[in-house]
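Undergrad: Just passing along the structure, written as structure tokens.
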Amino acid sequence: MRISVFGLGYVGAVSCGCLAALGHDVIGVDVIEDKVRRIAKGESPIIEEGIDAILAKAVADRKLRATTDVAAAVRETDIGLVCVGTPSTPSGGVDTRYLDRVCQQIGSAVRDQRRDFFTVLNRSTSLPTVHQSLMRILEETSGSKLGGHIGYVCHPEFLREGIAVHDFYHPPKIVFGASDGRSETLCRDLYPGIAAETFFVPPDVAAMVKYADNCFHALKVTFGNEIGLICKALGIDSHAVMDIFCKDRKLNISEKYLKPGNPFGGSCLPKDLRGLLDASRSTAVPLPMHAGMLESNRLQVERLVKRIVASNGRNPVGLVGLAFKEGTDDVRESPMVALVEQLLGKGVPVRIYDEHLAVANMVGSNRSFALEAIPHLAELLSTDLRAVVAGSKTLVVNHRLSAERWKAAAIGADHHVIDLVNVPELRGAARYDGLYW
Ligand SMILES: NC(=O)c1ccc[n+]([C@@H]2O[C@H](COP(=O)([O-])OP(=O)(O)OC[C@H]3O[C@@H](n4cnc5c(N)ncnc54)[C@H](O)[C@@H]3O)[C@@H](O)[C@H]2O)c1
């Protein structure tokens with residue numbers, strides 16, 4: 001393929017060399033003449049293991065050239081990889097000036113220089129709104145709708161500096177968010193011989209994958225460090241703790257507890273988080289990330305109550321599942337207890353279906369927690385799912401049930417379903433509303 005690479009920094013320089021090594025004909029473009037001169041001579045403008053030899057060979061093999069001329073690069077290639085910087089604005093937003101400029105230049109060059117299709121693959125990390133704005137810029141400057149003369153793909157980059165060449169050949173995944181079918185087809189031939197799970201998704205999803213990734217990496221570092229801080233304060237070797245933590249691939253380093261859904265609750269998570277925060281206070285070691293979790297969780301319940309009241313008014317609400325998760329009768333610190341308490345406090349009638357709950361069978365702290373928050377819980381509980389559904393305008397779903405049970409529940413076109421746990425059988429409901437999806 002004939003590929004131009006706009007921006008010869010850490011991402012662009014590695015992309016130039018490695019794409020040429022895969023057999024593509026590559027033109028590197030930058031506004032900084034010194035970088036262009038170096039790439040054109042097969043020298044690396046960045047320090048990165050292995051890249052010097054790759055660039056030198058690519059230039060010697062005549063697979064790589066470099067220029068400051070955007071229009072020439074657009075004329076002589078079919079795909080443009082955008083790798084310009086996206087620094088932060090003073091307020092923390094994405095500074096899009098380099099992206100805007102390069103997309104204006106590319107769009108104008110497509111309008112003036114090309115009769116056939118050219119597609120832009122944007123590797124620069126940008127929010128979905130930025131991608132939408134860049135697509136508009138490309139349409140305006142090229143004079144073509146996306147999918148006509150010009151295409152656009154959000155194609156996030158996952159390489160790590162220092163081992164970027166290795167990561168190019170062994171990416172954790174490849175993600176393409178194409179705006180049009182022609183671009184998507186071109187993407188399929190971009191990385192011949194590179195084995196990685198590849199995802200074709202809408203541009204917005206592709207853009208958010210990158211933010212989810214990097215925010216998760218930041219979260220992991222901060223988590224490790226906050227656990228380290230409290231360990232040190234208590235005289236415990238944090239590496240001994242986190243080595244074992246990381247060995248647990250079932251619950252810790254796994255898919256568990258990561259999918260968007262209902263806030264955390266139950267008899268352990270809130271209590272133990274509070275315990276750790278108490279140790280943080282008594283050792284005078286602040287753990288702001290951990291403290292933020294409790295506040296974030298509380299706000300999620302508050303927001304849910306507001307959302308229900310806004311759409312439902314004072315009509316009856318049906319709740320499926322009071323226990324913090326299905327398969328248990330433990331309601332201690334269930335966010336649903338707080339939800340019911342707050343809804344009742346606002347004058348909203350609530351009926352609850354929970355297959356494992358009967359007040360007569362509840363004992364000890366489980367019983368006292370529930371009855372303290374909802375003294376007349378017994379009157380709200382029903383063993384008849386169909387009746388709970390029939391008697392409610394809004395149905396809040398906190399437990400998964402079998403497909404047959406949902407069918408028998410007879411959810412109608414008028415029911416507003418608010419799903420907190422992503423139940424596939426409910427997604428087809430006439431008025432379906434996922435918690436965060
Ligand atoms: N560095 C990383 O490890 C990494 C990893 C993944 C994603 N990213 C993302 O990739 C993007 C690029 O990062 P980087 O570290 O390579 O940036 P960088 O600052 O090293 O390089 C950007 C280059 O773009 C050039 N440029 C600016 N405007 C241009 C224009 N109109 N035409 C041509 N070139 C132009 C600049 O002169 C510069 O050389 C960023 O959005 C970044 O967030 C970076």
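Ordering of the structure tokens sets the chain letters (A, B, ...); residue numbers start at 1 within each chain; ligands are numbered from 1 in the order shown.
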Check which residues fall inside 8 Å of ligand 1 when counting only C-alpha atoms and all ligand atoms, and print them as an NGL selection string.
TA: :A and (6-13 or 29-32 or 35 or 68 or 70 or 83-87 or 98-99 or 101-103 or 105 or 123-126 or 156-161 or 164)
Undergrad: Go ahead and write the selection's residues with N, CA and C atoms as a short mmCIF file (atom, residue, chain, number, x, y, z; two decimals), in the first residue's frame.
TA:
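As written to disk, out-v9.cif reads:
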```cif
data_model
loop_
_atom_site.label_atom_id
_atom_site.label_comp_id
_atom_site.auth_asym_id
_atom_site.auth_seq_id
_atom_site.Cartn_x
_atom_site.Cartn_y
_atom_site.Cartn_z
N PHE A 6 1.68 11.42 8.88
CA PHE A 6 1.76 12.84 9.23
C PHE A 6 2.13 12.99 10.70
N GLY A 7 3.29 13.56 10.95
CA GLY A 7 3.81 13.68 12.31
C GLY A 7 4.88 12.63 12.51
N LEU A 8 6.14 13.10 12.66
CA LEU A 8 7.26 12.15 12.79
C LEU A 8 7.81 12.16 14.20
N GLY A 9 6.91 12.09 15.18
CA GLY A 9 7.33 12.00 16.58
C GLY A 9 7.47 10.54 16.98
N TYR A 10 7.16 10.24 18.22
CA TYR A 10 7.35 8.87 18.74
C TYR A 10 6.48 7.85 18.00
N VAL A 11 5.23 8.21 17.77
CA VAL A 11 4.34 7.27 17.07
C VAL A 11 4.66 7.25 15.58
N GLY A 12 4.79 8.45 15.00
CA GLY A 12 4.99 8.54 13.55
C GLY A 12 6.29 7.91 13.07
N ALA A 13 7.38 8.14 13.79
CA ALA A 13 8.68 7.61 13.34
C ALA A 13 8.66 6.07 13.37
N VAL A 29 5.82 12.75 6.86
CA VAL A 29 5.60 14.20 6.71
C VAL A 29 5.66 14.85 8.08
N ASP A 30 6.38 15.96 8.15
CA ASP A 30 6.37 16.74 9.39
C ASP A 30 6.58 18.20 9.05
N VAL A 31 6.19 19.09 9.98
CA VAL A 31 6.43 20.52 9.77
C VAL A 31 7.85 20.89 10.19
N ILE A 32 8.49 20.03 10.99
CA ILE A 32 9.85 20.32 11.44
C ILE A 32 10.85 19.74 10.44
N LYS A 35 13.40 16.98 11.44
CA LYS A 35 12.88 15.60 11.56
C LYS A 35 12.75 14.98 10.17
N THR A 68 8.14 17.79 3.74
CA THR A 68 7.30 18.72 4.52
C THR A 68 6.03 19.06 3.72
N VAL A 70 2.63 18.39 2.50
CA VAL A 70 1.44 17.57 2.76
C VAL A 70 0.75 17.21 1.44
N CYS A 83 -0.45 11.20 12.96
CA CYS A 83 0.22 10.91 14.26
C CYS A 83 0.73 12.20 14.88
N VAL A 84 -0.02 13.30 14.74
CA VAL A 84 0.44 14.56 15.32
C VAL A 84 0.09 14.58 16.80
N GLY A 85 0.69 15.52 17.52
CA GLY A 85 0.49 15.56 18.97
C GLY A 85 -0.91 16.07 19.33
N THR A 86 -1.41 15.61 20.48
CA THR A 86 -2.68 16.12 21.03
C THR A 86 -2.44 16.49 22.50
N PRO A 87 -1.67 17.55 22.73
CA PRO A 87 -1.39 17.92 24.13
C PRO A 87 -2.64 18.44 24.83
N TYR A 98 -3.16 20.96 16.12
CA TYR A 98 -2.33 20.24 15.13
C TYR A 98 -3.19 19.31 14.29
N LEU A 99 -4.15 18.67 14.95
CA LEU A 99 -5.06 17.77 14.23
C LEU A 99 -5.92 18.55 13.23
N ARG A 101 -5.30 21.40 11.87
CA ARG A 101 -4.48 21.92 10.77
C ARG A 101 -4.17 20.83 9.75
N VAL A 102 -3.71 19.67 10.25
CA VAL A 102 -3.28 18.62 9.32
C VAL A 102 -4.49 18.08 8.55
N CYS A 103 -5.66 18.02 9.19
CA CYS A 103 -6.85 17.54 8.47
C CYS A 103 -7.31 18.56 7.43
N GLN A 105 -5.26 20.52 5.84
CA GLN A 105 -4.29 20.39 4.75
C GLN A 105 -4.58 19.15 3.91
N ARG A 123 -4.34 8.22 14.28
CA ARG A 123 -3.74 7.49 15.41
C ARG A 123 -3.59 8.36 16.65
N SER A 124 -3.81 9.67 16.48
CA SER A 124 -3.62 10.57 17.62
C SER A 124 -4.77 10.40 18.61
N THR A 125 -4.43 10.34 19.88
CA THR A 125 -5.45 10.10 20.90
C THR A 125 -6.36 11.32 20.99
N SER A 126 -7.63 11.14 20.73
CA SER A 126 -8.58 12.25 20.76
C SER A 126 -9.95 11.75 21.21
N PRO A 156 -6.83 4.05 17.14
CA PRO A 156 -5.95 4.36 18.27
C PRO A 156 -4.68 3.51 18.31
N GLU A 157 -3.67 4.12 18.87
CA GLU A 157 -2.33 3.50 18.96
C GLU A 157 -2.11 3.05 20.40
N PHE A 158 -1.57 1.85 20.58
CA PHE A 158 -1.38 1.33 21.95
C PHE A 158 0.08 1.10 22.32
N LEU A 159 1.01 1.57 21.48
CA LEU A 159 2.42 1.26 21.76
C LEU A 159 2.93 1.97 23.01
N ARG A 160 3.96 1.36 23.60
CA ARG A 160 4.62 1.97 24.78
C ARG A 160 5.99 2.45 24.38
N GLU A 161 6.33 3.69 24.76
CA GLU A 161 7.67 4.20 24.44
C GLU A 161 8.72 3.30 25.09
N ALA A 164 8.52 0.39 21.69
CA ALA A 164 7.49 0.70 20.69
C ALA A 164 7.60 -0.20 19.45
#
```
Undergrad: Quick one: everything within 7 Å of segment 45-58 of chain A, counting only C-alpha atoms, minus sequence neighbours fewer than 5 positions away in the same chain. Send it as a list in words.
TA: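 Skipping anything fewer than 5 positions along the chain leaves Tyr10, Val14, Gly17, Cys18, Ala20, Ala21, Lys35, Arg38, Lys63, Leu64, Gly162, Ile163, Ala164 and Val165 of chain A.
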Undergrad: Give me a file of those residues, with C-alpha atoms, as a tab-separated table (two decimals), in the first residue's frame.
TA:
```
chain	number	residue	atom	x	y	z
A	10	TYR	CA	7.35	8.87	18.74
A	14	VAL	CA	8.00	4.06	14.52
A	17	GLY	CA	9.87	2.42	9.73
A	18	CYS	CA	7.71	-0.55	10.66
A	20	ALA	CA	7.90	0.17	5.37
A	21	ALA	CA	9.36	-3.02	6.84
A	35	LYS	CA	12.88	15.60	11.56
A	38	ARG	CA	16.65	12.77	9.45
A	63	LYS	CA	10.46	2.03	0.83
A	64	LEU	CA	10.56	5.26	2.87
A	162	GLY	CA	10.92	2.28	24.95
A	163	ILE	CA	9.50	-0.92	23.45
A	164	ALA	CA	7.49	0.70	20.69
A	165	VAL	CA	8.99	-1.41	17.88
```
Undergrad: For Ala207 of chain A, which residue among A:Asn122, A:Val5, A:Leu229, A:Arg65 is the nearest when counting only C-alpha atoms?
TA: A:Asn122
Undergrad: Out of segment 97-195 of chain A, which residues get alpha helix (DSSP H) from DSSP, as a ChimeraX atom specification?
TA: /A:97-113,128-142,164-169,181-187
Undergrad: Please save N, CA and C atoms of the selected residues as a CSV table (one decimal), in the first residue's frame.
TA:
```
chain,number,residue,atom,x,y,z
A,97,ARG,N,-5.3,21.8,17.8
A,97,ARG,CA,-4.8,22.7,16.7
A,97,ARG,C,-4.0,21.9,15.7
A,98,TYR,N,-3.2,21.0,16.1
A,98,TYR,CA,-2.3,20.2,15.1
A,98,TYR,C,-3.2,19.3,14.3
A,99,LEU,N,-4.1,18.7,15.0
A,99,LEU,CA,-5.1,17.8,14.2
A,99,LEU,C,-5.9,18.6,13.2
A,100,ASP,N,-6.5,19.7,13.7
A,100,ASP,CA,-7.3,20.5,12.8
A,100,ASP,C,-6.5,20.9,11.6
A,101,ARG,N,-5.3,21.4,11.9
A,101,ARG,CA,-4.5,21.9,10.8
A,101,ARG,C,-4.2,20.8,9.8
A,102,VAL,N,-3.7,19.7,10.3
A,102,VAL,CA,-3.3,18.6,9.3
A,102,VAL,C,-4.5,18.1,8.6
A,103,CYS,N,-5.7,18.0,9.2
A,103,CYS,CA,-6.8,17.5,8.5
A,103,CYS,C,-7.3,18.6,7.4
A,104,GLN,N,-7.2,19.9,7.8
A,104,GLN,CA,-7.5,20.9,6.7
A,104,GLN,C,-6.6,20.7,5.5
A,105,GLN,N,-5.3,20.5,5.8
A,105,GLN,CA,-4.3,20.4,4.8
A,105,GLN,C,-4.6,19.1,3.9
A,106,ILE,N,-4.9,18.0,4.6
A,106,ILE,CA,-5.2,16.8,3.9
A,106,ILE,C,-6.4,16.9,3.0
A,107,GLY,N,-7.5,17.5,3.6
A,107,GLY,CA,-8.8,17.7,2.9
A,107,GLY,C,-8.6,18.5,1.7
A,108,SER,N,-7.9,19.6,1.8
A,108,SER,CA,-7.6,20.5,0.7
A,108,SER,C,-6.8,19.8,-0.4
A,109,ALA,N,-5.9,19.0,0.0
A,109,ALA,CA,-5.0,18.3,-0.9
A,109,ALA,C,-5.9,17.3,-1.7
A,110,VAL,N,-6.8,16.6,-1.0
A,110,VAL,CA,-7.6,15.6,-1.6
A,110,VAL,C,-8.5,16.3,-2.7
A,111,ARG,N,-9.0,17.5,-2.3
A,111,ARG,CA,-9.9,18.3,-3.2
A,111,ARG,C,-9.1,18.7,-4.5
A,112,ASP,N,-7.8,19.1,-4.3
A,112,ASP,CA,-7.0,19.7,-5.4
A,112,ASP,C,-6.2,18.6,-6.2
A,113,GLN,N,-5.9,17.6,-5.5
A,113,GLN,CA,-4.9,16.7,-6.1
A,113,GLN,C,-5.4,15.3,-6.5
A,128,PRO,N,-14.1,11.4,21.4
A,128,PRO,CA,-15.0,11.2,20.3
A,128,PRO,C,-15.5,12.5,19.6
A,129,THR,N,-15.7,13.5,20.4
A,129,THR,CA,-16.1,14.8,19.9
A,129,THR,C,-15.1,15.4,18.9
A,130,VAL,N,-13.8,15.1,19.2
A,130,VAL,CA,-12.7,15.6,18.3
A,130,VAL,C,-12.8,14.9,17.0
A,131,HIS,N,-13.0,13.6,17.1
A,131,HIS,CA,-13.1,12.8,15.8
A,131,HIS,C,-14.2,13.3,15.0
A,132,GLN,N,-15.4,13.6,15.6
A,132,GLN,CA,-16.5,14.1,14.9
A,132,GLN,C,-16.2,15.4,14.2
A,133,SER,N,-15.5,16.3,14.9
A,133,SER,CA,-15.1,17.6,14.4
A,133,SER,C,-14.1,17.4,13.2
A,134,LEU,N,-13.2,16.5,13.3
A,134,LEU,CA,-12.2,16.2,12.3
A,134,LEU,C,-12.9,15.7,11.0
A,135,MET,N,-13.9,14.8,11.2
A,135,MET,CA,-14.7,14.3,10.1
A,135,MET,C,-15.3,15.4,9.3
A,136,ARG,N,-15.9,16.4,10.1
A,136,ARG,CA,-16.5,17.5,9.4
A,136,ARG,C,-15.5,18.4,8.7
A,137,ILE,N,-14.3,18.6,9.3
A,137,ILE,CA,-13.3,19.4,8.7
A,137,ILE,C,-12.9,18.7,7.3
A,138,LEU,N,-12.7,17.4,7.4
A,138,LEU,CA,-12.3,16.7,6.1
A,138,LEU,C,-13.4,16.8,5.1
A,139,GLU,N,-14.7,16.7,5.5
A,139,GLU,CA,-15.7,16.8,4.5
A,139,GLU,C,-15.8,18.2,3.9
A,140,GLU,N,-15.6,19.2,4.7
A,140,GLU,CA,-15.7,20.6,4.3
A,140,GLU,C,-14.5,20.9,3.4
A,141,THR,N,-13.3,20.6,3.8
A,141,THR,CA,-12.1,21.0,3.0
A,141,THR,C,-12.0,20.2,1.7
A,142,SER,N,-12.4,18.9,1.7
A,142,SER,CA,-12.3,18.1,0.5
A,142,SER,C,-13.4,18.3,-0.4
A,164,ALA,N,8.5,0.4,21.7
A,164,ALA,CA,7.5,0.7,20.7
A,164,ALA,C,7.6,-0.2,19.5
A,165,VAL,N,8.8,-0.6,19.1
A,165,VAL,CA,9.0,-1.4,17.9
A,165,VAL,C,8.4,-2.8,18.2
A,166,HIS,N,8.8,-3.3,19.3
A,166,HIS,CA,8.2,-4.6,19.8
A,166,HIS,C,6.7,-4.5,19.8
A,167,ASP,N,6.1,-3.5,20.3
A,167,ASP,CA,4.7,-3.3,20.4
A,167,ASP,C,4.0,-3.2,19.0
A,168,PHE,N,4.8,-2.6,18.1
A,168,PHE,CA,4.2,-2.5,16.7
A,168,PHE,C,3.9,-3.9,16.2
A,169,TYR,N,4.9,-4.8,16.4
A,169,TYR,CA,4.8,-6.1,15.8
A,169,TYR,C,3.9,-7.1,16.7
A,181,GLY,N,-17.4,2.1,4.5
A,181,GLY,CA,-17.0,0.8,4.1
A,181,GLY,C,-15.7,0.7,3.3
A,182,ARG,N,-15.4,1.7,2.5
A,182,ARG,CA,-14.2,1.7,1.7
A,182,ARG,C,-13.0,1.8,2.6
A,183,SER,N,-13.0,2.6,3.6
A,183,SER,CA,-11.9,2.7,4.5
A,183,SER,C,-11.7,1.4,5.2
A,184,GLU,N,-12.8,0.9,5.7
A,184,GLU,CA,-12.7,-0.4,6.4
A,184,GLU,C,-12.0,-1.5,5.6
A,185,THR,N,-12.3,-1.5,4.3
A,185,THR,CA,-11.7,-2.5,3.5
A,185,THR,C,-10.2,-2.3,3.4
A,186,LEU,N,-9.8,-1.0,3.3
A,186,LEU,CA,-8.4,-0.7,3.2
A,186,LEU,C,-7.6,-1.1,4.5
A,187,CYS,N,-8.3,-0.9,5.6
A,187,CYS,CA,-7.7,-1.2,6.9
A,187,CYS,C,-7.3,-2.7,7.0
```
Undergrad: Identify, with DSSP run on backbone atoms, the residues in segment 33-201 of chain A assigned to strand (DSSP E or B), and express the list as a list in words.
TA: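 Taking segment 33-201 of chain A and keeping strand (DSSP E or B) gives Leu64, Arg65, Ala66, Thr67, Ile79, Gly80, Leu81, Val82, Ser88, Val94, Phe118, Thr119, Val120, Leu121, Asn122, Leu146, Ile150, Gly151, Tyr152, Val153, Cys154, Ile174, Val175, Phe176, Gly177, Ala178, Thr198, Phe199 and Phe200 of chain A.
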Undergrad: Okay, now the selection with C-alpha atoms, as a PDB file, in the first residue's frame?
TA:
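Written out: out.pdb:
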```pdb
ATOM      1  CA  LEU A  64      10.565   5.256   2.873  1.00  0.00           C
ATOM      2  CA  ARG A  65      10.835   8.925   1.911  1.00  0.00           C
ATOM      3  CA  ALA A  66      10.119  12.108   3.834  1.00  0.00           C
ATOM      4  CA  THR A  67       8.827  15.588   3.004  1.00  0.00           C
ATOM      5  CA  ILE A  79      -3.819   6.224   3.078  1.00  0.00           C
ATOM      6  CA  GLY A  80      -2.740   8.964   5.494  1.00  0.00           C
ATOM      7  CA  LEU A  81      -1.810   7.985   9.027  1.00  0.00           C
ATOM      8  CA  VAL A  82      -2.188  11.006  11.299  1.00  0.00           C
ATOM      9  CA  SER A  88      -3.652  19.262  26.872  1.00  0.00           C
ATOM     10  CA  VAL A  94      -7.588  18.104  24.007  1.00  0.00           C
ATOM     11  CA  PHE A 118      -8.010   8.761   0.032  1.00  0.00           C
ATOM     12  CA  THR A 119      -8.561   7.718   3.617  1.00  0.00           C
ATOM     13  CA  VAL A 120      -7.302   9.252   6.840  1.00  0.00           C
ATOM     14  CA  LEU A 121      -6.426   6.935   9.729  1.00  0.00           C
ATOM     15  CA  ASN A 122      -6.152   9.005  12.878  1.00  0.00           C
ATOM     16  CA  LEU A 146     -17.108  10.594   3.860  1.00  0.00           C
ATOM     17  CA  ILE A 150     -12.399  10.772   1.369  1.00  0.00           C
ATOM     18  CA  GLY A 151     -12.681   8.405   4.323  1.00  0.00           C
ATOM     19  CA  TYR A 152     -11.903   8.527   8.016  1.00  0.00           C
ATOM     20  CA  VAL A 153     -10.901   5.917  10.560  1.00  0.00           C
ATOM     21  CA  CYS A 154     -10.284   6.376  14.254  1.00  0.00           C
ATOM     22  CA  ILE A 174      -5.861  -3.569  16.751  1.00  0.00           C
ATOM     23  CA  VAL A 175      -8.882  -1.269  16.705  1.00  0.00           C
ATOM     24  CA  PHE A 176     -10.412   0.376  13.645  1.00  0.00           C
ATOM     25  CA  GLY A 177     -13.353   2.768  13.884  1.00  0.00           C
ATOM     26  CA  ALA A 178     -14.127   3.433  10.221  1.00  0.00           C
ATOM     27  CA  THR A 198      -8.717  -6.958  15.509  1.00  0.00           C
ATOM     28  CA  PHE A 199     -11.894  -5.016  16.179  1.00  0.00           C
ATOM     29  CA  PHE A 200     -13.974  -3.079  13.663  1.00  0.00           C
TER      30      PHE A 200
END
```
Undergrad: Between A:Val340, A:Leu287, A:Ile253, A:Ala206, which is the closest to Val309 of chain A once you count only C-alpha atoms?
TA: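 Once distances to Val309 of chain A are computed over only C-alpha atoms, the minimum belongs to A:Val340.
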Undergrad: Separation of atom CA of Leu294 of chain A and atom CA of Lys256 of chain A, in Å?
TA: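 For atom CA of Leu294 of chain A relative to atom CA of Lys256 of chain A, the distance reads 19.1 Å.
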Undergrad: Ile227 of chain A: which residues within 9 Å, counting only C-alpha atoms, same-chain residues fewer than 3 positions away excluded, as a list in words?
TA: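 The contact residues come out as Thr222, Phe223, Gly224, Ile230, Cys231, Lys232, Ser238, Val241, Met242 and Leu287 of chain A.
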Undergrad: Can I get the selection written as an mmCIF file, in the first residue's frame, with C-alpha atoms?
TA:
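Saved as out11.cif:
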```cif
data_model
loop_
_atom_site.group_PDB
_atom_site.id
_atom_site.type_symbol
_atom_site.label_atom_id
_atom_site.label_comp_id
_atom_site.auth_asym_id
_atom_site.auth_seq_id
_atom_site.Cartn_x
_atom_site.Cartn_y
_atom_site.Cartn_z
ATOM 1 C CA THR A 222 -2.333 4.794 41.541
ATOM 2 C CA PHE A 223 -3.944 1.740 43.131
ATOM 3 C CA GLY A 224 -0.593 -0.014 43.490
ATOM 4 C CA ILE A 230 -0.566 2.197 53.482
ATOM 5 C CA CYS A 231 1.600 -0.951 53.578
ATOM 6 C CA LYS A 232 4.706 1.127 54.220
ATOM 7 C CA SER A 238 3.899 -3.913 49.632
ATOM 8 C CA VAL A 241 1.231 -8.146 49.062
ATOM 9 C CA MET A 242 0.903 -7.063 45.440
ATOM 10 C CA LEU A 287 -5.531 7.705 50.006
#
```
Undergrad: Any idea what's packed within 12 Å of Gly364 of chain A, counting only C-alpha atoms, ignoring anything in its chain fewer than 6 positions away? Could you give it as a list in words?
TA: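 After dropping sequence-adjacent residues, the list is Asp330, Val331, Arg332, Ala370 and Leu371 of chain A.
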Undergrad: Let me make sure I understand: among A:Ala291, A:Ala410, A:Ala60, A:Leu190, which one has the smallest atom-to-atom distance to Asp278 of chain A if we use only C-alpha atoms?
TA: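 For Asp278 of chain A, the nearest of the given residues is A:Ala291.
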Undergrad: Mind dumping a table of every segment 272-329 of chain A residue within 9 Å of segment 377-392 of chain A, with the nearest atom pair and its distance in Å to one decimal, using only C-alpha atoms, sorted by chain and rising number, as JSON lines?
TA:
```
{"residue": "A:Asn315", "atom": "CA", "partner": "A:Ser392", "partner_atom": "CA", "distance": 7.2}
{"residue": "A:Pro316", "atom": "CA", "partner": "A:Ser392", "partner_atom": "CA", "distance": 4.8}
{"residue": "A:Val317", "atom": "CA", "partner": "A:Ser392", "partner_atom": "CA", "distance": 5.0}
{"residue": "A:Gly318", "atom": "CA", "partner": "A:Ser392", "partner_atom": "CA", "distance": 5.2}
{"residue": "A:Leu319", "atom": "CA", "partner": "A:Val388", "partner_atom": "CA", "distance": 7.9}
{"residue": "A:Val320", "atom": "CA", "partner": "A:Leu385", "partner_atom": "CA", "distance": 8.0}
```
Undergrad: Which residue out of A:Phe324, A:Phe369, A:Tyr211, A:Tyr191 has the minimum interatomic distance to His399 of chain A when only C-alpha atoms are used?
TA: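 Going through A:Phe324, A:Phe369, A:Tyr211, A:Tyr191 one by one, the smallest distance to His399 of chain A is for A:Phe324.
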Undergrad: What's around His290 of chain A at 8 Å? Count only C-alpha atoms, leave out sequence neighbours fewer than 2 positions away in its own chain, and write the answer as number ranges by chain.
TA: A: 226, 273, 277, 287-288, 292-294
Undergrad: Which residue is closest to Val221 of chain A? Choose from A:Glu76, A:Pro202, A:Met289, A:Met362 and count only C-alpha atoms.
TA: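 The answer is A:Met289, which sits nearest to Val221 of chain A.
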